[in-house]
$ cat work-v3.cif   # mmCIF, C-alpha atoms and all ligand atoms
data_protein
#
loop_
_atom_site.label_atom_id
_atom_site.label_comp_id
_atom_site.auth_asym_id
_atom_site.auth_seq_id
_atom_site.Cartn_x
_atom_site.Cartn_y
_atom_site.Cartn_z
CA MET M 1 -54.13 38.51 28.45
CA LYS M 2 -53.94 37.84 24.70
CA VAL M 3 -51.24 35.40 23.64
CA TYR M 4 -50.04 35.60 20.03
CA HIS M 5 -49.04 32.46 18.14
CA ASP M 6 -47.60 31.63 14.71
CA GLN M 7 -50.92 32.24 12.93
CA ASP M 8 -51.09 35.80 14.38
CA ALA M 9 -47.74 36.83 12.88
CA ASN M 10 -46.72 37.30 9.27
CA LEU M 11 -43.05 36.91 8.29
CA ASP M 12 -43.76 38.69 4.98
CA VAL M 13 -43.74 42.01 6.88
CA LEU M 14 -39.94 41.60 7.18
CA LYS M 15 -39.27 39.48 4.10
CA ASP M 16 -37.95 42.20 1.79
CA LYS M 17 -36.25 44.13 4.55
CA HIS M 18 -32.63 44.27 5.64
CA LEU M 19 -32.35 43.12 9.26
CA ALA M 20 -29.30 44.06 11.31
CA VAL M 21 -28.55 42.47 14.65
CA LEU M 22 -26.03 44.58 16.56
CA GLY M 23 -23.96 42.41 18.90
CA PHE M 24 -23.26 38.68 18.81
CA GLY M 25 -23.44 37.85 22.50
CA SER M 26 -26.07 35.90 24.39
CA GLN M 27 -29.12 37.36 22.62
CA GLY M 28 -27.38 38.54 19.44
CA HIS M 29 -26.21 35.14 18.23
CA ALA M 30 -29.64 33.61 18.86
CA HIS M 31 -31.64 36.33 17.06
CA ALA M 32 -29.26 36.43 14.09
CA LEU M 33 -29.07 32.66 13.58
CA ASN M 34 -32.78 32.04 14.13
CA LEU M 35 -33.74 34.80 11.67
CA LYS M 36 -31.33 33.43 9.09
CA ASP M 37 -32.79 29.94 9.50
CA SER M 38 -36.25 31.50 9.10
CA GLY M 39 -35.17 32.75 5.66
CA MET M 40 -34.63 36.41 6.56
CA ASN M 41 -32.00 38.73 5.09
CA VAL M 42 -29.90 39.29 8.19
CA CYS M 43 -26.51 40.74 8.95
CA VAL M 44 -24.60 41.09 12.21
CA GLY M 45 -23.14 44.47 13.20
CA LEU M 46 -19.99 44.50 15.33
CA ARG M 47 -17.16 46.82 16.27
CA LYS M 48 -14.02 46.38 14.20
CA ASP M 49 -11.93 44.67 16.90
CA SER M 50 -14.74 42.44 18.16
CA LYS M 51 -13.86 38.94 19.35
CA SER M 52 -17.21 37.80 17.96
CA TRP M 53 -16.44 38.72 14.35
CA SER M 54 -14.96 35.34 13.35
CA LYS M 55 -17.58 33.43 15.36
CA ALA M 56 -20.43 35.11 13.47
CA GLN M 57 -18.75 34.49 10.13
CA ALA M 58 -18.03 30.87 10.99
CA ALA M 59 -21.75 30.47 11.73
CA GLY M 60 -22.46 31.53 8.15
CA LEU M 61 -23.61 35.08 8.85
CA ALA M 62 -22.76 38.28 7.01
CA VAL M 63 -20.91 40.71 9.29
CA LYS M 64 -20.43 44.46 8.95
CA GLU M 65 -19.09 47.19 11.19
CA THR M 66 -21.81 48.62 13.43
CA ALA M 67 -22.32 51.90 11.53
CA GLU M 68 -22.29 50.17 8.17
CA ALA M 69 -24.81 47.58 9.37
CA ALA M 70 -27.06 50.35 10.67
CA GLN M 71 -26.87 52.11 7.33
CA TRP M 72 -27.64 48.93 5.36
CA ALA M 73 -30.54 47.97 7.60
CA ASP M 74 -34.25 48.74 7.61
CA VAL M 75 -34.63 47.13 11.01
CA ILE M 76 -31.88 47.54 13.61
CA MET M 77 -32.03 45.29 16.66
CA VAL M 78 -29.75 46.56 19.42
CA LEU M 79 -28.37 43.55 21.32
CA LEU M 80 -25.41 45.23 22.99
CA PRO M 81 -24.88 45.48 26.76
CA ASP M 82 -27.41 48.01 28.03
CA GLN M 83 -24.74 50.37 29.39
CA THR M 84 -23.03 50.70 25.97
CA GLN M 85 -26.17 51.26 23.90
CA LYS M 86 -26.38 55.05 24.32
CA LYS M 87 -22.85 55.62 23.03
CA VAL M 88 -23.19 53.22 20.11
CA TYR M 89 -26.58 54.75 19.28
CA GLU M 90 -25.15 58.27 19.16
CA GLN M 91 -22.00 57.33 17.23
CA ASP M 92 -23.11 54.62 14.84
CA ILE M 93 -26.88 54.29 14.71
CA ALA M 94 -28.46 57.77 14.85
CA PRO M 95 -26.45 59.17 11.91
CA ASN M 96 -27.58 56.20 9.81
CA LEU M 97 -31.30 56.17 10.63
CA LYS M 98 -33.57 56.95 7.72
CA GLU M 99 -37.28 57.73 7.73
CA GLY M 100 -39.34 54.58 8.16
CA ASP M 101 -36.56 52.50 9.73
CA THR M 102 -37.29 50.39 12.77
CA LEU M 103 -35.24 50.46 15.94
CA ALA M 104 -35.65 47.36 18.10
CA PHE M 105 -34.56 46.34 21.59
CA ALA M 106 -34.74 43.27 23.82
CA HIS M 107 -34.97 45.32 27.02
CA GLY M 108 -36.52 48.73 27.61
CA PHE M 109 -33.93 50.43 29.86
CA ASN M 110 -32.44 52.95 27.42
CA ILE M 111 -35.74 53.99 25.87
CA HIS M 112 -37.71 54.07 29.12
CA TYR M 113 -35.09 56.13 30.98
CA GLN M 114 -34.57 58.32 27.88
CA GLN M 115 -30.92 57.47 27.38
CA ILE M 116 -31.84 56.96 23.75
CA VAL M 117 -34.42 59.33 22.24
CA PRO M 118 -35.04 58.25 18.63
CA PRO M 119 -36.41 60.66 16.01
CA GLN M 120 -40.19 60.71 15.45
CA ASN M 121 -39.96 59.23 11.94
CA VAL M 122 -38.92 55.69 12.92
CA ASP M 123 -40.71 52.80 14.60
CA VAL M 124 -39.42 51.77 18.04
CA ILE M 125 -40.27 48.26 19.19
CA MET M 126 -39.19 45.60 21.65
CA ILE M 127 -38.96 41.84 21.31
CA ALA M 128 -37.77 40.41 24.61
CA PRO M 129 -37.34 36.64 24.86
CA LYS M 130 -37.97 35.36 28.36
CA SER M 131 -34.80 33.29 28.52
CA PRO M 132 -31.06 33.58 27.99
CA GLY M 133 -29.83 33.56 24.39
CA HIS M 134 -28.56 29.99 24.30
CA MET M 135 -32.08 28.81 25.20
CA VAL M 136 -33.57 31.03 22.49
CA ARG M 137 -31.33 29.27 19.99
CA ARG M 138 -31.72 25.77 21.41
CA THR M 139 -35.53 25.91 21.62
CA TYR M 140 -35.69 27.27 18.05
CA GLN M 141 -33.65 24.33 16.84
CA SER M 142 -35.71 21.81 18.80
CA GLY M 143 -38.93 23.35 17.46
CA VAL M 144 -40.68 24.62 20.60
CA GLY M 145 -39.49 28.25 20.76
CA THR M 146 -39.13 30.64 23.70
CA PRO M 147 -41.97 32.85 24.98
CA CYS M 148 -41.38 36.55 24.23
CA LEU M 149 -42.73 39.93 25.23
CA ILE M 150 -43.30 42.52 22.52
CA ALA M 151 -43.92 46.24 22.90
CA VAL M 152 -44.35 49.29 20.70
CA HIS M 153 -42.88 52.58 21.91
CA GLN M 154 -43.32 54.50 18.67
CA ASP M 155 -45.46 53.59 15.67
CA PHE M 156 -44.47 55.80 12.74
CA SER M 157 -45.31 53.33 9.99
CA GLY M 158 -48.59 52.10 11.44
CA GLN M 159 -47.05 48.61 11.20
CA ALA M 160 -44.84 48.59 14.27
CA LYS M 161 -46.72 45.85 16.08
CA GLU M 162 -46.83 43.63 12.96
CA LYS M 163 -43.06 44.04 12.66
CA ALA M 164 -42.53 43.09 16.31
CA LEU M 165 -44.73 40.02 15.88
CA ALA M 166 -42.90 39.04 12.68
CA TRP M 167 -39.51 39.35 14.41
CA ALA M 168 -40.83 37.28 17.31
CA LYS M 169 -41.98 34.67 14.78
CA GLY M 170 -38.60 34.72 13.04
CA ILE M 171 -36.79 33.89 16.28
CA GLY M 172 -39.31 31.18 17.22
CA GLY M 173 -41.19 33.15 19.88
CA THR M 174 -44.71 32.77 18.48
CA ARG M 175 -44.35 28.98 18.55
CA ALA M 176 -44.35 29.22 22.33
CA GLY M 177 -46.48 32.35 22.67
CA VAL M 178 -45.98 36.11 22.67
CA ILE M 179 -47.50 38.64 25.08
CA GLU M 180 -47.76 42.36 24.42
CA THR M 181 -46.54 44.78 27.07
CA ASN M 182 -45.05 48.30 27.12
CA PHE M 183 -41.50 49.55 27.67
CA LYS M 184 -42.31 50.88 31.16
CA ASP M 185 -43.73 47.64 32.56
CA GLU M 186 -41.05 45.45 30.99
CA THR M 187 -38.22 47.64 32.26
CA GLU M 188 -39.53 48.15 35.78
CA THR M 189 -40.53 44.54 36.43
CA ASP M 190 -37.23 43.29 34.97
CA LEU M 191 -35.12 45.54 37.21
CA PHE M 192 -37.22 44.84 40.29
CA GLY M 193 -37.13 41.08 39.68
CA GLU M 194 -33.37 40.88 39.31
CA GLN M 195 -32.74 43.13 42.32
CA ALA M 196 -35.26 41.83 44.85
CA VAL M 197 -35.70 38.19 43.89
CA LEU M 198 -33.58 36.62 41.18
CA CYS M 199 -30.10 38.00 41.76
CA GLY M 200 -29.96 40.21 44.86
CA GLY M 201 -32.59 38.43 46.93
CA SER M 202 -31.59 34.85 46.18
CA GLU M 203 -27.85 35.51 46.51
CA GLU M 204 -28.21 37.12 49.95
CA LEU M 205 -30.57 34.36 51.07
CA ILE M 206 -28.02 31.72 50.10
CA LYS M 207 -25.08 33.56 51.67
CA THR M 208 -26.89 34.36 54.90
CA GLY M 209 -28.02 30.76 55.38
CA PHE M 210 -24.46 29.58 54.69
CA GLU M 211 -23.01 32.07 57.18
CA VAL M 212 -25.44 31.07 59.93
CA LEU M 213 -24.47 27.40 59.62
CA VAL M 214 -20.73 28.06 59.41
CA GLU M 215 -20.76 30.52 62.33
CA ALA M 216 -22.61 27.88 64.37
CA GLY M 217 -19.67 25.51 63.80
CA TYR M 218 -20.93 23.29 60.95
CA PRO M 219 -18.50 22.35 58.14
CA PRO M 220 -18.62 24.85 55.26
CA GLU M 221 -18.90 21.92 52.83
CA LEU M 222 -22.21 20.84 54.35
CA ALA M 223 -23.40 24.43 54.46
CA TYR M 224 -22.55 24.83 50.77
CA PHE M 225 -24.49 21.74 49.72
CA GLU M 226 -27.50 22.65 51.83
CA CYS M 227 -27.76 26.35 51.01
CA LEU M 228 -26.40 26.67 47.46
CA HIS M 229 -26.08 23.37 45.63
CA GLU M 230 -29.56 22.11 46.49
CA MET M 231 -31.12 25.42 45.49
CA LYS M 232 -31.10 24.28 41.86
CA LEU M 233 -33.08 21.16 42.63
CA ILE M 234 -35.74 23.26 44.34
CA VAL M 235 -35.82 25.92 41.62
CA ASP M 236 -36.23 23.20 38.97
CA LEU M 237 -39.39 22.08 40.78
CA TYR M 238 -40.77 25.66 40.87
CA TYR M 239 -40.02 25.97 37.18
CA GLU M 240 -41.70 22.70 36.27
CA GLY M 241 -44.81 22.90 38.41
CA GLY M 242 -44.99 26.04 40.52
CA LEU M 243 -44.74 26.40 44.29
CA SER M 244 -47.18 23.60 45.10
CA PHE M 245 -45.24 21.09 42.98
CA MET M 246 -42.14 21.92 45.02
CA ASN M 247 -44.04 21.31 48.26
CA TYR M 248 -45.54 18.11 46.85
CA SER M 249 -42.09 16.80 45.90
CA VAL M 250 -40.18 17.47 49.11
CA SER M 251 -40.73 15.52 52.35
CA ASP M 252 -43.62 16.43 54.65
CA THR M 253 -41.00 17.49 57.18
CA ALA M 254 -39.48 19.96 54.73
CA GLU M 255 -42.92 21.19 53.69
CA TYR M 256 -44.09 21.75 57.30
CA GLY M 257 -40.77 23.28 58.41
CA GLY M 258 -40.71 25.59 55.42
CA MET M 259 -44.30 26.74 55.77
CA THR M 260 -43.99 27.45 59.50
CA ARG M 261 -40.53 29.12 59.33
CA GLY M 262 -40.27 30.81 55.93
CA LYS M 263 -42.14 33.94 56.99
CA ARG M 264 -39.60 34.52 59.76
CA VAL M 265 -36.95 34.81 57.03
CA ILE M 266 -38.92 36.96 54.61
CA THR M 267 -40.76 39.25 57.02
CA GLU M 268 -43.13 42.20 56.66
CA GLN M 269 -39.99 44.33 56.96
CA THR M 270 -38.45 42.48 53.98
CA LYS M 271 -41.59 43.20 51.98
CA GLN M 272 -41.39 46.87 52.94
CA ASN M 273 -37.75 46.92 51.77
CA MET M 274 -38.81 45.38 48.47
CA ARG M 275 -41.41 48.15 48.04
CA GLU M 276 -38.65 50.72 48.50
CA ILE M 277 -36.48 48.96 45.93
CA LEU M 278 -39.43 49.09 43.51
CA LYS M 279 -39.90 52.79 44.20
CA GLU M 280 -36.25 53.49 43.30
CA VAL M 281 -36.82 51.66 40.01
CA GLN M 282 -40.05 53.57 39.32
CA ASP M 283 -38.81 57.05 40.16
CA GLY M 284 -35.64 56.56 38.10
CA SER M 285 -33.19 56.90 40.99
CA PHE M 286 -31.73 53.40 40.43
CA ALA M 287 -31.30 54.18 36.72
CA ARG M 288 -29.54 57.48 37.52
CA GLU M 289 -27.23 55.72 39.99
CA TRP M 290 -26.34 52.99 37.44
CA ILE M 291 -25.77 55.45 34.60
CA GLU M 292 -23.48 57.52 36.84
CA GLU M 293 -21.64 54.37 37.97
CA ASN M 294 -20.92 53.56 34.32
CA GLU M 295 -19.78 57.10 33.57
CA LYS M 296 -17.23 56.75 36.39
CA GLY M 297 -15.98 53.40 35.03
CA GLN M 298 -17.91 51.10 37.39
CA PRO M 299 -15.78 51.66 40.55
CA THR M 300 -18.43 50.34 42.96
CA LEU M 301 -19.20 47.31 40.83
CA LYS M 302 -15.51 46.43 40.60
CA LYS M 303 -15.05 46.77 44.35
CA LEU M 304 -18.12 44.68 45.11
CA ARG M 305 -17.14 41.98 42.61
CA GLU M 306 -13.83 41.56 44.41
CA GLU M 307 -15.47 41.54 47.82
CA TYR M 308 -18.08 39.00 46.75
CA ALA M 309 -15.46 36.75 45.12
CA ASN M 310 -13.60 36.50 48.44
CA HIS M 311 -16.57 35.10 50.37
CA LEU M 312 -15.90 31.68 51.90
CA ILE M 313 -18.82 30.17 50.01
CA GLU M 314 -16.98 30.82 46.73
CA LYS M 315 -13.79 29.09 47.88
CA VAL M 316 -15.61 26.05 49.25
CA GLY M 317 -17.79 25.91 46.17
CA LYS M 318 -14.82 25.82 43.83
CA GLN M 319 -13.42 22.75 45.63
CA LEU M 320 -16.73 20.95 45.83
CA ARG M 321 -17.66 21.52 42.21
CA ALA M 322 -14.38 19.86 41.24
CA MET M 323 -15.93 16.65 42.67
CA MET M 324 -18.75 16.99 40.16
CA PRO M 325 -17.03 16.67 36.80
CA TRP M 326 -20.29 17.18 34.90
CA LEU M 327 -20.11 20.79 36.05
CA LYS M 328 -17.64 22.45 33.72
CA GLU M 329 -15.40 24.97 35.48
CA LYS M 330 -16.66 28.55 35.05
CA LYS M 331 -14.36 31.55 35.21
P1 LIG X 401 -23.91 40.32 25.73
O1 LIG X 401 -23.10 41.00 26.75
O2 LIG X 401 -24.03 38.83 25.77
O3 LIG X 401 -23.41 40.66 24.24
C1 LIG X 401 -22.72 41.79 23.97
C2 LIG X 401 -22.37 41.86 22.49
O4 LIG X 401 -22.16 43.23 22.21
C3 LIG X 401 -21.10 41.13 22.13
O5 LIG X 401 -21.21 40.62 20.83
C4 LIG X 401 -20.05 42.23 22.19
O6 LIG X 401 -19.03 41.92 21.27
C5 LIG X 401 -20.83 43.42 21.76
N1 LIG X 401 -20.33 44.69 22.34
C6 LIG X 401 -20.01 44.92 23.63
N2 LIG X 401 -19.65 46.19 23.82
C7 LIG X 401 -19.75 46.78 22.60
C8 LIG X 401 -19.53 48.10 22.12
N3 LIG X 401 -19.10 49.06 22.94
N4 LIG X 401 -19.73 48.34 20.81
C9 LIG X 401 -20.18 47.38 19.99
N5 LIG X 401 -20.40 46.11 20.38
C10 LIG X 401 -20.20 45.82 21.66
O7 LIG X 401 -25.35 41.01 25.76
P2 LIG X 401 -26.76 40.31 26.05
O8 LIG X 401 -27.12 39.44 24.88
O9 LIG X 401 -26.78 39.73 27.41
O10 LIG X 401 -27.73 41.57 26.09
C11 LIG X 401 -28.14 42.24 24.93
C12 LIG X 401 -29.51 42.88 25.19
O11 LIG X 401 -30.47 41.84 25.40
C13 LIG X 401 -29.55 43.77 26.42
O12 LIG X 401 -30.43 44.83 26.14
C14 LIG X 401 -30.16 42.85 27.48
O13 LIG X 401 -30.83 43.56 28.51
C15 LIG X 401 -31.15 42.06 26.64
N6 LIG X 401 -31.57 40.77 27.17
C16 LIG X 401 -30.62 39.86 27.58
C17 LIG X 401 -31.01 38.62 28.02
C18 LIG X 401 -29.98 37.59 28.39
O14 LIG X 401 -30.38 36.51 28.75
N7 LIG X 401 -28.67 37.83 28.32
C19 LIG X 401 -32.43 38.23 28.13
C20 LIG X 401 -33.33 39.22 27.57
C21 LIG X 401 -32.90 40.45 27.14
P3 LIG X 401 -17.48 42.25 21.52
O15 LIG X 401 -17.29 42.55 22.99
O16 LIG X 401 -16.79 41.03 21.04
O17 LIG X 401 -17.25 43.43 20.66
MG MG X 402 -32.40 42.38 33.29
MG MG X 403 -32.55 18.62 53.19
#

$ encode --input "work-v3.cif" --output "structure tokens" --more "lines below"
Ligand code: NDP
Ligand code: MG
Ligand code: MG
Amino acid sequence: MKVYHDQDANLDVLKDKHLAVLGFGSQGHAHALNLKDSGMNVCVGLRKDSKSWSKAQAAGLAVKETAEAAQWADVIMVLLPDQTQKKVYEQDIAPNLKEGDTLAFAHGFNIHYQQIVPPQNVDVIMIAPKSPGHMVRRTYQSGVGTPCLIAVHQDFSGQAKEKALAWAKGIGGTRAGVIETNFKDETETDLFGEQAVLCGGSEELIKTGFEVLVEAGYPPELAYFECLHEMKLIVDLYYEGGLSFMNYSVSDTAEYGGMTRGKRVITEQTKQNMREILKEVQDGSFAREWIEENEKGQPTLKKLREEYANHLIEKVGKQLRAMMPWLKEKK
């Protein structure tokens, strides 16, 4: 796979252009500030009553209302929550798109599932940093940068890929390395990953282990430390050196116990379930369900949030984290 670096990207492609970053959340603040520090002409687009308005101004950025920013811009990067993008696109962006503009995203959901269908006479690209926004900002400031994916959905100008690479350079991505993909692969692997492994899978693994210990009569505090708290230490080892570095770092007892028991936790049946989850992502049925959920005002999500918040592991965790003052309380 080809990896693009600084020398493969040319900031001049964007130099004389107006760049709008819509949203000033996790990704928005990082893209806007990094581009500004890279010498680009950038402005943040927000809704009138946005809490972020003063924050963006205090950081030295120009701020306009979303529609006005879209009108001013040659390149519009949409860094709003995925479920709000369709509405904002229809109200504020589409009426202000002119021939030759570029529409950019950091995740492919709305384009891939055709929630947003841009006109033929604009470029549509993606620059997706592979880390949360605060890391995109922090690594830019420290000089190393964050790896990014880029993709071209529509190339009206013939320069779409050069623009994506230039944006990636402007936010620091090409310092670390940039890989080209397409909207379909990025969207489907992202959704599958968060459902089966990162969020859904890991959360249920943690909770189930906790429940087994507590139901067997062990103190919930011990169960919390063993099944949740220590997870970070293990994940840090994966992150630093892969699976074998984790096994190298833990005791031989843990390594042997894990290797001989792990497959009884994640079984062939679990793998089959994961394949079904992937199929729902690929055939669009998850996307349809999530779009409908949002149209109804997220009733299931709200109910589940409440249910999840009442789990014993959350109550015990709150008390135990108070013993670790370096962990700032999160709401
Ligand atoms: P956030 O939720 O952090 O930021 C949302 C921003 O949008 C805020 O500034 C908010 O401001 C504004 N906003 C919310 N609702 C509206 C609305 N209806 N109209 C106008 N502005 C609105 O988003 P993320 O940065 O997490 O995500 C942005 C994109 O980046 C998504 O496509 C996501 O998939 C992608 N992405 C996110 C990553 C991450 O780590 N978070 C990683 C890679 C990609 P206010 O509410 O004050 O108006
Ligand atoms: Mg995601
Ligand atoms: Mg142990």

$ residues_near_ligand --input "work-v3.cif" --ligand "ligand MG 403 (chain X)" --cutoff "9 Å" --atoms "only C-alpha atoms and all ligand atoms" --output "PyMOL selection string"
chain M and resi 226+230+250-251+254

$ residues_near_ligand --input "work-v3.cif" --ligand "ligand MG 402 (chain X)" --cutoff "9 Å" --atoms "only C-alpha atoms and all ligand atoms" --output "ChimeraX atom specification"
/M:107,109,187,189-194

$ residues_around --input "work-v3.cif" --residues "Leu237 (chain M)" --least-positions-apart "6" --cutoff "8 Å" --atoms "all atoms listed in the file" --output "list in words"
Leu243, Phe245, Met246 and Ser249 of chain M

$ residues_near_ligand --input "work-v3.cif" --ligand "ligand LIG 401 (chain X)" --cutoff "7 Å" --atoms "only C-alpha atoms and all ligand atoms" --output "CSV table (one decimal) with C-alpha atoms, in the frame of the given file"
chain,number,residue,atom,x,y,z
M,22,LEU,CA,-26.0,44.6,16.6
M,23,GLY,CA,-24.0,42.4,18.9
M,24,PHE,CA,-23.3,38.7,18.8
M,25,GLY,CA,-23.4,37.8,22.5
M,26,SER,CA,-26.1,35.9,24.4
M,27,GLN,CA,-29.1,37.4,22.6
M,28,GLY,CA,-27.4,38.5,19.4
M,46,LEU,CA,-20.0,44.5,15.3
M,47,ARG,CA,-17.2,46.8,16.3
M,49,ASP,CA,-11.9,44.7,16.9
M,50,SER,CA,-14.7,42.4,18.2
M,51,LYS,CA,-13.9,38.9,19.4
M,52,SER,CA,-17.2,37.8,18.0
M,66,THR,CA,-21.8,48.6,13.4
M,78,VAL,CA,-29.8,46.6,19.4
M,79,LEU,CA,-28.4,43.6,21.3
M,80,LEU,CA,-25.4,45.2,23.0
M,81,PRO,CA,-24.9,45.5,26.8
M,82,ASP,CA,-27.4,48.0,28.0
M,84,THR,CA,-23.0,50.7,26.0
M,88,VAL,CA,-23.2,53.2,20.1
M,105,PHE,CA,-34.6,46.3,21.6
M,106,ALA,CA,-34.7,43.3,23.8
M,107,HIS,CA,-35.0,45.3,27.0
M,128,ALA,CA,-37.8,40.4,24.6
M,129,PRO,CA,-37.3,36.6,24.9
M,130,LYS,CA,-38.0,35.4,28.4
M,131,SER,CA,-34.8,33.3,28.5
M,132,PRO,CA,-31.1,33.6,28.0
M,133,GLY,CA,-29.8,33.6,24.4

$ residues_around --input "work-v3.cif" --residues "Leu228 (chain M)" --least-positions-apart "6" --cutoff "10 Å" --atoms "all atoms listed in the file" --output "list of chain:residue names"
M:Ser202, M:Glu203, M:Leu205, M:Ile206, M:Lys207, M:Gly209, M:Phe210, M:Leu222, M:Ile313, M:Gly317

$ residues_around --input "work-v3.cif" --residues "region 319-322 of chain M" --least-positions-apart "4" --cutoff "12 Å" --atoms "all atoms listed in the file" --output "list in words"
Pro220, Glu221, Leu222, Ala223, Tyr224, Phe225, Leu228, His229, Leu312, Ile313, Glu314, Lys315, Trp326, Leu327, Lys328, Glu329 and Lys330 of chain M

$ write_last_selection --input "work-v3.cif" --atoms "C-alpha atoms" --output "compact mmCIF listing (two decimals), keeping the file's coordinate frame"
# COMPACT_ATOMS: atom_id res chain seq x y z
CA PRO M 220 -18.62 24.85 55.26
CA GLU M 221 -18.90 21.92 52.83
CA LEU M 222 -22.21 20.84 54.35
CA ALA M 223 -23.40 24.43 54.46
CA TYR M 224 -22.55 24.83 50.77
CA PHE M 225 -24.49 21.74 49.72
CA LEU M 228 -26.40 26.67 47.46
CA HIS M 229 -26.08 23.37 45.63
CA LEU M 312 -15.90 31.68 51.90
CA ILE M 313 -18.82 30.17 50.01
CA GLU M 314 -16.98 30.82 46.73
CA LYS M 315 -13.79 29.09 47.88
CA TRP M 326 -20.29 17.18 34.90
CA LEU M 327 -20.11 20.79 36.05
CA LYS M 328 -17.64 22.45 33.72
CA GLU M 329 -15.40 24.97 35.48
CA LYS M 330 -16.66 28.55 35.05

$ build_atoms --input "work-v3.cif" --residues "region 104-122 of chain M" --atoms "N, CA and C atoms" --output "PDB file, in the frame of the given file"
ATOM      1  N   ALA M 104     -35.089  48.404  17.220  1.00  0.00           N
ATOM      2  CA  ALA M 104     -35.650  47.360  18.100  1.00  0.00           C
ATOM      3  C   ALA M 104     -34.714  47.072  19.260  1.00  0.00           C
ATOM      4  N   PHE M 105     -35.299  46.656  20.364  1.00  0.00           N
ATOM      5  CA  PHE M 105     -34.560  46.340  21.590  1.00  0.00           C
ATOM      6  C   PHE M 105     -35.089  45.045  22.194  1.00  0.00           C
ATOM      7  N   ALA M 106     -34.274  44.454  23.086  1.00  0.00           N
ATOM      8  CA  ALA M 106     -34.740  43.270  23.820  1.00  0.00           C
ATOM      9  C   ALA M 106     -34.955  43.595  25.294  1.00  0.00           C
ATOM     10  N   HIS M 107     -34.749  44.868  25.652  1.00  0.00           N
ATOM     11  CA  HIS M 107     -34.970  45.320  27.020  1.00  0.00           C
ATOM     12  C   HIS M 107     -35.195  46.834  26.943  1.00  0.00           C
ATOM     13  N   GLY M 108     -36.071  47.361  27.796  1.00  0.00           N
ATOM     14  CA  GLY M 108     -36.520  48.730  27.610  1.00  0.00           C
ATOM     15  C   GLY M 108     -35.707  49.824  28.277  1.00  0.00           C
ATOM     16  N   PHE M 109     -34.630  49.467  29.002  1.00  0.00           N
ATOM     17  CA  PHE M 109     -33.930  50.430  29.860  1.00  0.00           C
ATOM     18  C   PHE M 109     -33.624  51.762  29.171  1.00  0.00           C
ATOM     19  N   ASN M 110     -32.936  51.706  28.035  1.00  0.00           N
ATOM     20  CA  ASN M 110     -32.440  52.950  27.420  1.00  0.00           C
ATOM     21  C   ASN M 110     -33.543  53.829  26.845  1.00  0.00           C
ATOM     22  N   ILE M 111     -34.606  53.201  26.367  1.00  0.00           N
ATOM     23  CA  ILE M 111     -35.740  53.990  25.870  1.00  0.00           C
ATOM     24  C   ILE M 111     -36.543  54.520  27.056  1.00  0.00           C
ATOM     25  N   HIS M 112     -36.853  53.657  28.001  1.00  0.00           N
ATOM     26  CA  HIS M 112     -37.710  54.070  29.120  1.00  0.00           C
ATOM     27  C   HIS M 112     -37.066  55.192  29.946  1.00  0.00           C
ATOM     28  N   TYR M 113     -35.773  55.094  30.194  1.00  0.00           N
ATOM     29  CA  TYR M 113     -35.090  56.130  30.980  1.00  0.00           C
ATOM     30  C   TYR M 113     -34.476  57.218  30.083  1.00  0.00           C
ATOM     31  N   GLN M 114     -34.928  57.260  28.832  1.00  0.00           N
ATOM     32  CA  GLN M 114     -34.570  58.320  27.880  1.00  0.00           C
ATOM     33  C   GLN M 114     -33.078  58.530  27.683  1.00  0.00           C
ATOM     34  N   GLN M 115     -32.327  57.415  27.743  1.00  0.00           N
ATOM     35  CA  GLN M 115     -30.920  57.470  27.380  1.00  0.00           C
ATOM     36  C   GLN M 115     -30.795  57.533  25.860  1.00  0.00           C
ATOM     37  N   ILE M 116     -31.750  56.900  25.200  1.00  0.00           N
ATOM     38  CA  ILE M 116     -31.840  56.960  23.750  1.00  0.00           C
ATOM     39  C   ILE M 116     -33.195  57.582  23.416  1.00  0.00           C
ATOM     40  N   VAL M 117     -33.163  58.688  22.663  1.00  0.00           N
ATOM     41  CA  VAL M 117     -34.420  59.330  22.240  1.00  0.00           C
ATOM     42  C   VAL M 117     -34.430  59.350  20.713  1.00  0.00           C
ATOM     43  N   PRO M 118     -35.057  58.342  20.096  1.00  0.00           N
ATOM     44  CA  PRO M 118     -35.040  58.250  18.630  1.00  0.00           C
ATOM     45  C   PRO M 118     -35.887  59.343  17.994  1.00  0.00           C
ATOM     46  N   PRO M 119     -35.597  59.667  16.731  1.00  0.00           N
ATOM     47  CA  PRO M 119     -36.410  60.660  16.010  1.00  0.00           C
ATOM     48  C   PRO M 119     -37.837  60.143  15.837  1.00  0.00           C
ATOM     49  N   GLN M 120     -38.764  61.066  15.562  1.00  0.00           N
ATOM     50  CA  GLN M 120     -40.190  60.710  15.450  1.00  0.00           C
ATOM     51  C   GLN M 120     -40.506  59.851  14.227  1.00  0.00           C
ATOM     52  N   ASN M 121     -39.604  59.886  13.214  1.00  0.00           N
ATOM     53  CA  ASN M 121     -39.960  59.230  11.940  1.00  0.00           C
ATOM     54  C   ASN M 121     -39.446  57.791  11.818  1.00  0.00           C
ATOM     55  N   VAL M 122     -39.251  57.135  12.953  1.00  0.00           N
ATOM     56  CA  VAL M 122     -38.920  55.690  12.920  1.00  0.00           C
ATOM     57  C   VAL M 122     -39.848  54.947  13.885  1.00  0.00           C
TER      58      VAL M 122
END
